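Below is final-v3.cif, holding mmCIF, C-alpha atoms and all ligand atoms.
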```cif
data_coords
loop_
_atom_site.group_PDB
_atom_site.id
_atom_site.type_symbol
_atom_site.label_atom_id
_atom_site.label_comp_id
_atom_site.auth_asym_id
_atom_site.auth_seq_id
_atom_site.Cartn_x
_atom_site.Cartn_y
_atom_site.Cartn_z
ATOM 1 C CA MET A 79 97.323 -100.897 70.700
ATOM 2 C CA ILE A 80 97.120 -97.450 72.306
ATOM 3 C CA ASP A 81 98.038 -94.523 70.023
ATOM 4 C CA ILE A 82 100.447 -92.937 72.521
ATOM 5 C CA LYS A 83 101.226 -89.795 70.550
ATOM 6 C CA ASN A 84 97.604 -88.967 69.929
ATOM 7 C CA MET A 85 96.526 -89.637 73.520
ATOM 8 C CA ASN A 86 99.338 -87.574 74.981
ATOM 9 C CA LEU A 87 98.379 -84.549 72.877
ATOM 10 C CA LYS A 88 95.450 -84.036 75.245
ATOM 11 C CA HIS A 89 97.273 -84.868 78.492
ATOM 12 C CA PRO A 90 98.718 -81.802 80.271
ATOM 13 C CA CYS A 91 101.245 -83.793 82.327
ATOM 14 C CA PHE A 92 102.613 -85.943 79.512
ATOM 15 C CA THR A 93 102.812 -83.108 76.941
ATOM 16 C CA LYS A 94 103.987 -79.683 78.088
ATOM 17 C CA GLU A 95 102.171 -77.849 75.289
ATOM 18 C CA ALA A 96 98.900 -79.457 76.381
ATOM 19 C CA SER A 97 99.344 -77.962 79.859
ATOM 20 C CA HIS A 98 98.458 -74.541 78.380
ATOM 21 C CA THR A 99 95.286 -75.771 76.732
ATOM 22 C CA ASN A 100 94.005 -78.931 78.423
ATOM 23 C CA ALA A 101 92.669 -79.256 81.954
ATOM 24 C CA ARG A 102 92.596 -82.208 84.331
ATOM 25 C CA ILE A 103 90.419 -83.034 87.296
ATOM 26 C CA HIS A 104 91.554 -85.071 90.277
ATOM 27 C CA LEU A 105 88.839 -86.925 92.112
ATOM 28 C CA PRO A 106 89.809 -87.574 95.770
ATOM 29 C CA VAL A 107 88.227 -90.977 96.321
ATOM 30 C CA ALA A 108 91.174 -93.094 97.539
ATOM 31 C CA ARG A 109 91.679 -92.584 101.236
ATOM 32 C CA ARG A 110 93.847 -95.473 102.445
ATOM 33 C CA CYS A 111 97.509 -96.235 101.877
ATOM 34 C CA ASN A 112 99.417 -99.492 102.202
ATOM 35 C CA ILE A 113 102.937 -98.166 102.774
ATOM 36 C CA SER A 114 104.517 -95.450 104.900
ATOM 37 C CA CYS A 115 106.917 -93.041 103.224
ATOM 38 C CA ASN A 116 109.175 -91.097 105.553
ATOM 39 C CA TYR A 117 108.313 -87.835 103.781
ATOM 40 C CA CYS A 118 104.591 -88.327 104.380
ATOM 41 C CA ASN A 119 102.416 -86.904 107.087
ATOM 42 C CA ARG A 120 99.058 -88.615 106.709
ATOM 43 C CA LYS A 121 97.275 -85.399 107.614
ATOM 44 C CA TYR A 122 97.982 -84.285 104.051
ATOM 45 C CA ASP A 123 97.476 -85.682 100.566
ATOM 46 C CA CYS A 124 99.816 -88.373 99.205
ATOM 47 C CA LEU A 125 103.083 -86.521 98.659
ATOM 48 C CA ASN A 126 104.031 -88.746 95.756
ATOM 49 C CA GLU A 127 101.966 -86.365 93.597
ATOM 50 C CA SER A 128 100.916 -83.546 95.892
ATOM 51 C CA ARG A 129 102.550 -80.637 97.573
ATOM 52 C CA PRO A 130 102.441 -80.667 101.360
ATOM 53 C CA GLY A 131 100.120 -78.630 103.500
ATOM 54 C CA VAL A 132 96.971 -79.282 101.496
ATOM 55 C CA THR A 133 94.261 -81.709 102.518
ATOM 56 C CA SER A 134 91.373 -82.835 100.385
ATOM 57 C CA GLU A 135 87.961 -84.026 101.371
ATOM 58 C CA ILE A 136 87.085 -87.580 100.382
ATOM 59 C CA LEU A 137 84.321 -88.188 97.865
ATOM 60 C CA SER A 138 82.293 -91.336 97.305
ATOM 61 C CA PRO A 139 82.325 -92.639 93.712
ATOM 62 C CA GLN A 140 78.823 -91.196 93.184
ATOM 63 C CA GLU A 141 79.882 -87.800 94.531
ATOM 64 C CA ALA A 142 82.990 -87.958 92.339
ATOM 65 C CA LEU A 143 80.855 -88.596 89.260
ATOM 66 C CA LYS A 144 78.652 -85.631 90.176
ATOM 67 C CA ARG A 145 81.705 -83.414 90.565
ATOM 68 C CA TYR A 146 83.109 -84.608 87.253
ATOM 69 C CA LEU A 147 79.851 -83.898 85.389
ATOM 70 C CA PHE A 148 79.652 -80.458 86.986
ATOM 71 C CA TYR A 149 83.160 -79.475 85.853
ATOM 72 C CA LYS A 150 82.705 -81.053 82.441
ATOM 73 C CA GLU A 151 79.892 -78.562 81.930
ATOM 74 C CA GLN A 152 82.058 -75.682 83.182
ATOM 75 C CA LEU A 153 85.361 -76.468 81.446
ATOM 76 C CA ASN A 154 85.227 -77.340 77.782
ATOM 77 C CA ASN A 155 88.940 -78.187 77.795
ATOM 78 C CA LEU A 156 88.675 -80.898 80.474
ATOM 79 C CA SER A 157 90.381 -83.908 78.927
ATOM 80 C CA VAL A 158 91.805 -85.981 81.821
ATOM 81 C CA VAL A 159 90.397 -87.529 84.989
ATOM 82 C CA GLY A 160 93.110 -88.482 87.482
ATOM 83 C CA ILE A 161 92.924 -90.402 90.749
ATOM 84 C CA ALA A 162 95.855 -89.194 92.846
ATOM 85 C CA GLY A 163 94.987 -89.774 96.455
ATOM 86 C CA PRO A 164 94.677 -88.403 98.994
ATOM 87 C CA GLY A 165 95.899 -91.969 99.788
ATOM 88 C CA ASP A 166 96.929 -94.546 97.190
ATOM 89 C CA ALA A 167 94.651 -95.176 94.195
ATOM 90 C CA LEU A 168 95.298 -98.935 94.295
ATOM 91 C CA ALA A 169 95.172 -99.367 98.073
ATOM 92 C CA ASP A 170 91.533 -98.285 97.684
ATOM 93 C CA TRP A 171 90.956 -99.954 94.317
ATOM 94 C CA GLU A 172 87.288 -100.713 94.942
ATOM 95 C CA LEU A 173 86.524 -97.009 95.279
ATOM 96 C CA THR A 174 88.923 -95.984 92.522
ATOM 97 C CA SER A 175 87.614 -98.555 90.043
ATOM 98 C CA GLU A 176 83.965 -97.799 90.786
ATOM 99 C CA THR A 177 84.629 -94.096 90.198
ATOM 100 C CA ILE A 178 86.340 -94.831 86.902
ATOM 101 C CA ARG A 179 83.558 -97.171 85.860
ATOM 102 C CA LEU A 180 80.888 -94.539 86.511
ATOM 103 C CA ILE A 181 82.823 -91.897 84.601
ATOM 104 C CA ARG A 182 83.538 -94.136 81.629
ATOM 105 C CA GLN A 183 79.846 -94.974 81.428
ATOM 106 C CA GLU A 184 79.038 -91.267 81.044
ATOM 107 C CA ASP A 185 82.033 -90.261 78.955
ATOM 108 C CA PRO A 186 83.716 -92.678 76.554
ATOM 109 C CA ASP A 187 86.385 -90.148 75.516
ATOM 110 C CA VAL A 188 87.951 -88.613 78.626
ATOM 111 C CA LEU A 189 91.468 -89.915 79.379
ATOM 112 C CA LEU A 190 91.740 -91.911 82.598
ATOM 113 C CA CYS A 191 94.889 -91.480 84.674
ATOM 114 C CA MET A 192 96.046 -92.593 88.115
ATOM 115 C CA SER A 193 99.075 -92.464 90.382
ATOM 116 C CA THR A 194 100.227 -95.140 92.809
ATOM 117 C CA ASN A 195 103.131 -96.356 94.905
ATOM 118 C CA GLY A 196 102.936 -99.555 92.822
ATOM 119 C CA LEU A 197 102.639 -102.152 95.589
ATOM 120 C CA LYS A 198 99.401 -103.565 94.179
ATOM 121 C CA LEU A 199 100.205 -102.934 90.544
ATOM 122 C CA PRO A 200 100.946 -106.543 89.466
ATOM 123 C CA ALA A 201 97.789 -107.862 91.133
ATOM 124 C CA LEU A 202 95.523 -105.139 89.753
ATOM 125 C CA ALA A 203 97.074 -104.421 86.342
ATOM 126 C CA PRO A 204 94.594 -106.552 84.360
ATOM 127 C CA SER A 205 91.686 -104.804 86.077
ATOM 128 C CA ILE A 206 93.242 -101.362 85.529
ATOM 129 C CA ILE A 207 93.538 -102.112 81.823
ATOM 130 C CA GLU A 208 90.005 -103.476 81.692
ATOM 131 C CA HIS A 209 88.666 -100.253 83.206
ATOM 132 C CA GLY A 210 90.151 -98.244 80.339
ATOM 133 C CA VAL A 211 92.919 -96.424 82.210
ATOM 134 C CA SER A 212 95.532 -95.260 79.692
ATOM 135 C CA HIS A 213 98.033 -93.306 81.847
ATOM 136 C CA VAL A 214 99.662 -94.597 85.049
ATOM 137 C CA THR A 215 102.197 -92.904 87.317
ATOM 138 C CA VAL A 216 104.291 -94.957 89.754
ATOM 139 C CA THR A 217 106.557 -93.361 92.336
ATOM 140 C CA VAL A 218 109.912 -95.160 92.355
ATOM 141 C CA ASN A 219 112.417 -93.474 94.662
ATOM 142 C CA THR A 220 115.138 -96.103 94.542
ATOM 143 C CA ILE A 221 116.121 -99.397 92.971
ATOM 144 C CA LEU A 222 118.270 -100.368 95.977
ATOM 145 C CA PRO A 223 116.637 -102.062 99.006
ATOM 146 C CA GLU A 224 119.228 -100.475 101.354
ATOM 147 C CA THR A 225 118.146 -97.018 100.238
ATOM 148 C CA GLY A 226 114.492 -98.052 100.302
ATOM 149 C CA ALA A 227 114.915 -99.023 103.962
ATOM 150 C CA LYS A 228 115.760 -95.365 104.665
ATOM 151 C CA ILE A 229 112.738 -94.061 102.721
ATOM 152 C CA TYR A 230 109.919 -96.433 103.733
ATOM 153 C CA ARG A 231 108.954 -97.018 107.362
ATOM 154 C CA TYR A 232 106.866 -100.045 106.473
ATOM 155 C CA VAL A 233 105.087 -101.844 103.678
ATOM 156 C CA ASN A 234 101.751 -103.564 104.363
ATOM 157 C CA TYR A 235 101.176 -106.495 102.073
ATOM 158 C CA GLN A 236 98.512 -109.187 102.327
ATOM 159 C CA GLY A 237 97.924 -108.571 106.014
ATOM 160 C CA ARG A 238 101.592 -108.494 107.038
ATOM 161 C CA LYS A 239 103.798 -105.545 107.848
ATOM 162 C CA TYR A 240 107.331 -105.563 106.395
ATOM 163 C CA THR A 241 110.063 -103.141 107.486
ATOM 164 C CA GLY A 242 113.698 -102.386 106.619
ATOM 165 C CA THR A 243 115.238 -103.916 103.502
ATOM 166 C CA LYS A 244 112.558 -106.640 103.497
ATOM 167 C CA GLY A 245 109.778 -104.105 103.071
ATOM 168 C CA ALA A 246 111.759 -102.066 100.558
ATOM 169 C CA SER A 247 112.654 -105.188 98.496
ATOM 170 C CA LEU A 248 109.040 -106.266 98.408
ATOM 171 C CA LEU A 249 107.858 -102.835 97.253
ATOM 172 C CA LEU A 250 110.588 -102.658 94.604
ATOM 173 C CA GLU A 251 109.814 -106.143 93.323
ATOM 174 C CA LYS A 252 106.116 -105.273 92.918
ATOM 175 C CA GLN A 253 106.886 -101.924 91.307
ATOM 176 C CA LEU A 254 109.225 -103.439 88.709
ATOM 177 C CA GLU A 255 106.909 -106.344 87.979
ATOM 178 C CA GLY A 256 103.896 -104.055 87.585
ATOM 179 C CA ILE A 257 105.733 -101.487 85.460
ATOM 180 C CA ARG A 258 107.102 -104.193 83.156
ATOM 181 C CA TYR A 259 103.656 -105.736 82.752
ATOM 182 C CA ILE A 260 101.653 -102.618 81.989
ATOM 183 C CA SER A 261 104.373 -101.241 79.753
ATOM 184 C CA GLN A 262 104.254 -104.439 77.688
ATOM 185 C CA LYS A 263 100.496 -103.978 77.428
ATOM 186 C CA GLY A 264 101.097 -100.607 75.767
ATOM 187 C CA MET A 265 99.987 -98.332 78.626
ATOM 188 C CA ILE A 266 101.583 -94.915 78.997
ATOM 189 C CA LEU A 267 103.781 -94.708 82.076
ATOM 190 C CA LYS A 268 105.277 -91.895 84.074
ATOM 191 C CA ILE A 269 107.635 -92.472 86.984
ATOM 192 C CA ASN A 270 107.814 -89.928 89.786
ATOM 193 C CA ILE A 271 111.081 -89.812 91.705
ATOM 194 C CA VAL A 272 111.316 -87.692 94.849
ATOM 195 C CA MET A 273 114.870 -86.328 95.002
ATOM 196 C CA ILE A 274 115.799 -86.696 98.672
ATOM 197 C CA PRO A 275 119.067 -84.934 99.596
ATOM 198 C CA GLY A 276 121.669 -87.329 100.977
ATOM 199 C CA ILE A 277 119.346 -90.337 100.612
ATOM 200 C CA ASN A 278 118.720 -91.140 96.935
ATOM 201 C CA ASP A 279 120.082 -88.182 94.964
ATOM 202 C CA ASN A 280 123.164 -90.073 93.744
ATOM 203 C CA GLU A 281 121.052 -92.925 92.414
ATOM 204 C CA ILE A 282 118.607 -90.995 90.290
ATOM 205 C CA PRO A 283 120.353 -91.442 86.905
ATOM 206 C CA ASP A 284 120.379 -95.217 87.546
ATOM 207 C CA ILE A 285 116.668 -95.222 88.382
ATOM 208 C CA VAL A 286 115.953 -93.288 85.181
ATOM 209 C CA GLY A 287 118.062 -95.740 83.150
ATOM 210 C CA LYS A 288 116.183 -98.686 84.608
ATOM 211 C CA MET A 289 112.823 -97.085 83.855
ATOM 212 C CA LYS A 290 113.842 -96.396 80.295
ATOM 213 C CA ALA A 291 114.764 -100.052 79.890
ATOM 214 C CA LEU A 292 111.306 -101.007 81.134
ATOM 215 C CA GLY A 293 109.599 -98.904 78.441
ATOM 216 C CA VAL A 294 108.502 -95.954 80.590
ATOM 217 C CA TYR A 295 107.452 -92.848 78.600
ATOM 218 C CA ILE A 296 108.662 -90.062 80.929
ATOM 219 C CA THR A 297 110.232 -89.549 84.352
ATOM 220 C CA ASN A 298 109.323 -86.711 86.708
ATOM 221 C CA ILE A 299 112.034 -85.876 89.248
ATOM 222 C CA MET A 300 110.341 -83.951 92.056
ATOM 223 C CA PRO A 301 111.742 -81.921 94.946
ATOM 224 C CA LEU A 302 111.473 -83.113 98.548
ATOM 225 C CA ILE A 303 109.547 -80.558 100.562
ATOM 226 C CA PRO A 304 110.141 -81.544 104.209
ATOM 227 C CA VAL A 305 106.807 -81.806 105.978
ATOM 228 C CA LYS A 306 106.350 -81.079 109.665
ATOM 229 C CA GLY A 307 105.494 -84.222 111.574
ATOM 230 C CA SER A 308 107.127 -86.525 109.015
ATOM 231 C CA GLU A 309 110.297 -88.571 109.581
ATOM 232 C CA PHE A 310 112.137 -86.340 107.083
ATOM 233 C CA GLU A 311 110.977 -83.037 108.569
ATOM 234 C CA ASN A 312 114.551 -82.000 109.366
ATOM 235 C CA LEU A 313 116.078 -82.864 106.002
ATOM 236 C CA PRO A 314 116.886 -79.917 103.762
ATOM 237 C CA ALA A 315 114.468 -79.252 100.916
ATOM 238 C CA THR A 316 115.842 -80.241 97.520
ATOM 239 C CA ASN A 317 117.892 -77.404 96.082
ATOM 240 C CA ILE A 318 116.034 -76.204 92.984
ATOM 241 C CA ARG A 319 119.238 -75.609 91.008
ATOM 242 C CA GLU A 320 120.383 -79.171 91.796
ATOM 243 C CA LEU A 321 116.955 -80.494 90.822
ATOM 244 C CA SER A 322 117.134 -78.674 87.525
ATOM 245 C CA ASP A 323 120.682 -79.957 86.871
ATOM 246 C CA MET A 324 119.542 -83.507 87.635
ATOM 247 C CA ARG A 325 116.634 -83.221 85.209
ATOM 248 C CA MET A 326 118.940 -81.834 82.514
ATOM 249 C CA ASN A 327 121.454 -84.609 83.144
ATOM 250 C CA CYS A 328 118.748 -87.301 83.000
ATOM 251 C CA GLN A 329 117.246 -85.790 79.881
ATOM 252 C CA THR A 330 120.231 -87.169 77.981
ATOM 253 C CA GLN A 331 118.841 -90.631 78.844
ATOM 254 C CA MET A 332 115.114 -90.141 78.389
ATOM 255 C CA ARG A 333 112.213 -87.637 78.316
ATOM 256 C CA GLN A 334 111.878 -85.565 81.508
ATOM 257 C CA MET A 335 108.989 -83.612 82.971
ATOM 258 C CA PHE A 336 109.864 -80.007 83.801
ATOM 259 C CA HIS A 337 106.407 -78.558 84.425
ATOM 260 C CA CYS A 338 104.977 -80.614 87.317
ATOM 261 C CA GLN A 339 102.969 -78.492 89.751
ATOM 262 C CA GLN A 340 102.710 -81.091 92.554
ATOM 263 C CA CYS A 341 98.950 -80.852 92.406
ATOM 264 C CA ARG A 342 96.525 -81.453 95.209
ATOM 265 C CA ALA A 343 94.367 -84.602 95.175
ATOM 266 C CA ASP A 344 91.262 -82.576 94.301
ATOM 267 C CA ALA A 345 92.847 -80.240 91.719
ATOM 268 C CA VAL A 346 90.731 -79.007 88.806
ATOM 269 C CA GLY A 347 91.684 -76.925 85.783
ATOM 270 C CA LEU A 348 94.932 -76.041 84.047
ATOM 271 C CA LEU A 349 98.156 -77.153 85.770
ATOM 272 C CA GLN A 350 99.545 -73.613 86.010
ATOM 273 C CA GLU A 351 96.521 -72.460 87.944
ATOM 274 C CA HIS A 352 97.347 -75.078 90.639
ATOM 275 C CA GLY A 353 93.777 -76.264 90.373
ATOM 276 C CA CYS A 354 92.157 -75.416 93.660
ATOM 277 C CA PRO A 355 88.491 -76.303 93.025
ATOM 278 C CA ALA A 356 87.464 -72.883 94.361
ATOM 279 C CA ASN A 357 89.399 -71.197 91.535
ATOM 280 C CA ALA A 358 88.406 -73.555 88.756
ATOM 281 C CA ALA A 359 85.339 -71.627 87.670
ATOM 282 C CA ARG A 360 87.659 -68.748 86.686
ATOM 283 C CA GLN A 361 89.420 -71.016 84.239
ATOM 284 C CA VAL A 362 86.433 -71.598 82.000
ATOM 285 C CA VAL A 363 87.463 -71.082 78.382
HETATM 286 FE FE1 LIG A 401 96.869 -86.128 87.773
HETATM 287 FE FE2 LIG A 401 99.243 -87.134 87.844
HETATM 288 FE FE3 LIG A 401 97.514 -87.960 86.058
HETATM 289 FE FE4 LIG A 401 98.597 -85.553 85.883
HETATM 290 S S1 LIG A 401 98.902 -84.721 87.957
HETATM 291 S S2 LIG A 401 97.320 -88.250 88.216
HETATM 292 S S3 LIG A 401 99.694 -87.504 85.748
HETATM 293 S S4 LIG A 401 96.411 -86.041 85.677
HETATM 294 FE FE5 LIG A 401 100.707 -83.761 86.624
HETATM 295 FE FE6 LIG A 401 99.984 -82.743 88.886
HETATM 296 FE FE7 LIG A 401 102.576 -83.168 88.429
HETATM 297 FE FE8 LIG A 401 100.918 -85.152 88.802
HETATM 298 S S5 LIG A 401 101.261 -81.743 87.337
HETATM 299 S S6 LIG A 401 101.407 -83.666 90.296
HETATM 300 S S7 LIG A 401 102.454 -84.962 87.198
HETATM 301 FE FE1 LIG A 402 101.929 -91.056 102.043
HETATM 302 FE FE2 LIG A 402 101.552 -91.405 99.410
HETATM 303 FE FE3 LIG A 402 103.647 -92.553 100.620
HETATM 304 FE FE4 LIG A 402 101.171 -93.466 101.054
HETATM 305 S S1 LIG A 402 102.298 -93.517 99.104
HETATM 306 S S2 LIG A 402 102.734 -93.074 102.625
HETATM 307 S S3 LIG A 402 99.965 -91.538 101.071
HETATM 308 S S4 LIG A 402 103.300 -90.324 100.379
#
```

Could you render the structure as structure tokens?
Amino acid sequence: MIDIKNMNLKHPCFTKEASHTNARIHLPVARRCNISCNYCNRKYDCLNESRPGVTSEILSPQEALKRYLFYKEQLNNLSVVGIAGPGDALADWELTSETIRLIRQEDPDVLLCMSTNGLKLPALAPSIIEHGVSHVTVTVNTILPETGAKIYRYVNYQGRKYTGTKGASLLLEKQLEGIRYISQKGMILKINIVMIPGINDNEIPDIVGKMKALGVYITNIMPLIPVKGSEFENLPATNIRELSDMRMNCQTQMRQMFHCQQCRADAVGLLQEHGCPANAARQVV
């Protein structure tokens, strides 16, 4: 059984205090995605964890290992490796899992973390566990297919493309099944929720309640930042006061994240430093 408290002490996203002392590295190995979110413009990193306007180069698993070993030398507070895009970590599981395997071989202690839209979570959960991943983030923007139909343009599953409420129902079913499974296996789960004005903002407390019931550790309600070229480019950005009120309101139900930096898929270093690789050398402690 995973010792959640102990493991989270070294994870800057799951423990706010650790964000001042512990660094993470994102390795951009997952290029593809299997769904289409209306807030996404594929020119940029996956917006389920990243802020818009930033693109990352793609690394092969071997290049990712090299980068990891380089920064491990530079940063003695590096305690987490995350795979967060620039596509979906599970849509490109072969590359993600090979990267994790290579890193685990070199470093038995570093925490392994990944973020996903959850579509392939039930199918890949046993393999994720086997590879030693301890922390998983799933983006769940709604628990209603009608709302999902407004958020997702399509869902690609086993060679077929699903749209509308069919696509949204399928994604939701896989997300809930996968979350339930890995939570029962004792993994540490975070749920990202993008707060989309006029689309899902009224439902967020219900999503949080559902996630709590499934054994999730923390939820991270994130602002929508409308991206040029995306379906939602003309929606207003989430009002920061309303976001803060929503987090406070949901905190009465379960633990909330207040310090997310919407990192890029190749971020390195402390969260507050935003983690551009070019700046990481300055963060050596
Ligand atoms: Fe990366 Fe995400 Fe793991 Fe953290 S980020 S995969 S859980 S190691 Fe952290 Fe960055 Fe917010 Fe993500 S601040 S975007 S929550
Ligand atoms: Fe874009 Fe990420 Fe959504 Fe895929 S899961 S469409 S990469 S925001």

Query raised in the report: Hey, can you pull every residue with an atom no more than 12 Å from (113.0, -83.4, 106.0), using only C-alpha atoms, and send it as a ChimeraX atom specification?
Result: /A:115-119,130,229,273-277,301-316

Requested in this report: Might you spell out which residues the PyMOL selection byres (((chain A and resi 278) around 12) and not hetatm) would select in the displayed file, as JSON, numbers by chain?
Outcome: {"A": [218, 219, 220, 221, 222, 223, 224, 225, 226, 227, 228, 229, 271, 272, 273, 274, 275, 276, 277, 279, 280, 281, 282, 283, 284, 285, 299, 301, 302, 316]}

Report task. Excluding Arg110 in chain A and residues on its chain fewer than 4 positions from it, collect all residues at most 10 Å away from it, counting all atoms listed in the file, and give them as a ChimeraX atom specification. Result -> /A:120,124,163-171

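Closest approach to ligand LIG 401 (chain A) among A:Thr177, A:Ser114, A:Thr297, A:Thr215: A:Thr215, based on only C-alpha atoms and all ligand atoms.
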
Report task. Figure out the distance between CA of Arg238 in chain A and CA of Ser261 in chain A, please, to one decimal in Å. Result -> 28.4 Å

Requested in this report: For the structure shown, which residues end up in the PyMOL selection byres (((not hetatm)) within 7 of (chain A and resi 401))? Put them as an NGL selection string, please?
Outcome: :A and (90-91 or 102-104 or 127-128 or 158-162 or 191-193 or 213 or 215 or 337-341 or 349)

Go ahead and save the residues from that selection, with C-alpha atoms, as a tab-separated table (two decimals), in the frame of the given file.
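Wrote it out as result.tsv, contents follow:
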```tsv
chain	number	residue	atom	x	y	z
A	90	PRO	CA	98.72	-81.80	80.27
A	91	CYS	CA	101.24	-83.79	82.33
A	102	ARG	CA	92.60	-82.21	84.33
A	103	ILE	CA	90.42	-83.03	87.30
A	104	HIS	CA	91.55	-85.07	90.28
A	127	GLU	CA	101.97	-86.36	93.60
A	128	SER	CA	100.92	-83.55	95.89
A	158	VAL	CA	91.80	-85.98	81.82
A	159	VAL	CA	90.40	-87.53	84.99
A	160	GLY	CA	93.11	-88.48	87.48
A	161	ILE	CA	92.92	-90.40	90.75
A	162	ALA	CA	95.86	-89.19	92.85
A	191	CYS	CA	94.89	-91.48	84.67
A	192	MET	CA	96.05	-92.59	88.12
A	193	SER	CA	99.08	-92.46	90.38
A	213	HIS	CA	98.03	-93.31	81.85
A	215	THR	CA	102.20	-92.90	87.32
A	337	HIS	CA	106.41	-78.56	84.42
A	338	CYS	CA	104.98	-80.61	87.32
A	339	GLN	CA	102.97	-78.49	89.75
A	340	GLN	CA	102.71	-81.09	92.55
A	341	CYS	CA	98.95	-80.85	92.41
A	349	LEU	CA	98.16	-77.15	85.77
```

Report task. Return as an MDAnalysis selection string the set of residues that the PyMOL selection byres (((chain A and resi 143) around 9) and not hetatm) yields on the displayed structure. Result -> chainID A and resid 105 138:142 144:148 177:178 180:181 184

Those same residues, written as a short mmCIF file (atom, residue, chain, number, x, y, z; two decimals), in the frame of the given file with C-alpha atoms?
```
data_model
loop_
_atom_site.label_atom_id
_atom_site.label_comp_id
_atom_site.auth_asym_id
_atom_site.auth_seq_id
_atom_site.Cartn_x
_atom_site.Cartn_y
_atom_site.Cartn_z
CA LEU A 105 88.84 -86.92 92.11
CA SER A 138 82.29 -91.34 97.30
CA PRO A 139 82.32 -92.64 93.71
CA GLN A 140 78.82 -91.20 93.18
CA GLU A 141 79.88 -87.80 94.53
CA ALA A 142 82.99 -87.96 92.34
CA LYS A 144 78.65 -85.63 90.18
CA ARG A 145 81.70 -83.41 90.56
CA TYR A 146 83.11 -84.61 87.25
CA LEU A 147 79.85 -83.90 85.39
CA PHE A 148 79.65 -80.46 86.99
CA THR A 177 84.63 -94.10 90.20
CA ILE A 178 86.34 -94.83 86.90
CA LEU A 180 80.89 -94.54 86.51
CA ILE A 181 82.82 -91.90 84.60
CA GLU A 184 79.04 -91.27 81.04
#
```

Report as a compact mmCIF listing (two decimals) with C-alpha atoms, in the coordinates of the input all protein, DNA and RNA residues lying within 7 Å of Arg342 in chain A, evaluated on all atoms listed in the file, omitting residues in the same chain fewer than 5 positions from it.
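Result written to part_32.txt:
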```txt
# COMPACT_ATOMS: atom_id res chain seq x y z
CA ASP A 123 97.48 -85.68 100.57
CA SER A 128 100.92 -83.55 95.89
CA ARG A 129 102.55 -80.64 97.57
CA VAL A 132 96.97 -79.28 101.50
```

Query raised in the report: What's the 12 Å shell around Phe92 in chain A, counting all atoms listed in the file, without same-chain residues fewer than 4 positions away, as a PyMOL selection string?
Result: chain A and resi 82-88+96-97+100+102+158+189+191+212-215+266-269+294-298+333-338+349

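You can rank A:Ala203, A:Val107, A:Val233, A:Leu250 by their closest distance to ligand LIG 402 (chain A) using all atoms listed in the file, and at the top of that list sits A:Val233.
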
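The residue that comes closest to Asn112 in chain A, out of A:Pro204, A:Gly287, A:Gly256, A:Gly196 and on the basis of only C-alpha atoms, is A:Gly196.
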
Edge lengths and centre in Å to one decimal, as JSON, of the axis-aligned box that encloses all listed atoms of range 154-166 of chain A with 3 Å added on every side?
```
{"center_x": 91.1, "center_y": -85.9, "center_z": 88.8, "size_x": 17.7, "size_y": 23.2, "size_z": 28.0}
```

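Shortest atom-to-atom contact with His98 in chain A among A:Ser205, A:Gly347, A:Tyr232, A:Lys244: A:Gly347, counting only C-alpha atoms.
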
Report summary line: Atom pair atom S1 of ligand LIG 402 (chain A) + CA of Asn195 in chain A, distance 5.1 Å

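Going from CA of Ser157 in chain A to atom S1 of ligand LIG 402 (chain A) covers 25.3 Å.
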
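Comparing A:Leu156, A:Leu137, A:Leu197, A:Leu125 by their smallest distance to Leu348 in chain A, the closest is A:Leu156 (using only C-alpha atoms).
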
Rebuild range 125-131 of chain A so that it carries N, CA, C and O atoms, then output the result as an mmCIF file, in the frame of the given file.
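Below is the file selection_4.cif, written as the result:
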```
data_model
loop_
_atom_site.group_PDB
_atom_site.id
_atom_site.type_symbol
_atom_site.label_atom_id
_atom_site.label_comp_id
_atom_site.auth_asym_id
_atom_site.auth_seq_id
_atom_site.Cartn_x
_atom_site.Cartn_y
_atom_site.Cartn_z
ATOM 1 N N LEU A 125 102.054 -87.445 99.162
ATOM 2 C CA LEU A 125 103.083 -86.521 98.659
ATOM 3 C C LEU A 125 103.787 -87.044 97.421
ATOM 4 O O LEU A 125 104.641 -86.368 96.851
ATOM 5 N N ASN A 126 103.429 -88.249 96.999
ATOM 6 C CA ASN A 126 104.031 -88.746 95.756
ATOM 7 C C ASN A 126 103.529 -87.959 94.549
ATOM 8 O O ASN A 126 104.117 -88.036 93.479
ATOM 9 N N GLU A 127 102.422 -87.237 94.684
ATOM 10 C CA GLU A 127 101.966 -86.365 93.597
ATOM 11 C C GLU A 127 101.567 -84.986 94.097
ATOM 12 O O GLU A 127 101.330 -84.099 93.304
ATOM 13 N N SER A 128 101.492 -84.799 95.396
ATOM 14 C CA SER A 128 100.916 -83.546 95.892
ATOM 15 C C SER A 128 101.947 -82.712 96.617
ATOM 16 O O SER A 128 102.935 -83.231 97.107
ATOM 17 N N ARG A 129 101.666 -81.430 96.722
ATOM 18 C CA ARG A 129 102.550 -80.637 97.573
ATOM 19 C C ARG A 129 102.003 -80.657 98.993
ATOM 20 O O ARG A 129 100.795 -80.813 99.207
ATOM 21 N N PRO A 130 102.898 -80.534 99.979
ATOM 22 C CA PRO A 130 102.441 -80.667 101.360
ATOM 23 C C PRO A 130 101.596 -79.486 101.821
ATOM 24 O O PRO A 130 101.640 -78.417 101.232
ATOM 25 N N GLY A 131 100.862 -79.712 102.883
ATOM 26 C CA GLY A 131 100.120 -78.630 103.500
ATOM 27 C C GLY A 131 98.708 -78.490 102.980
ATOM 28 O O GLY A 131 97.986 -77.591 103.376
#
```
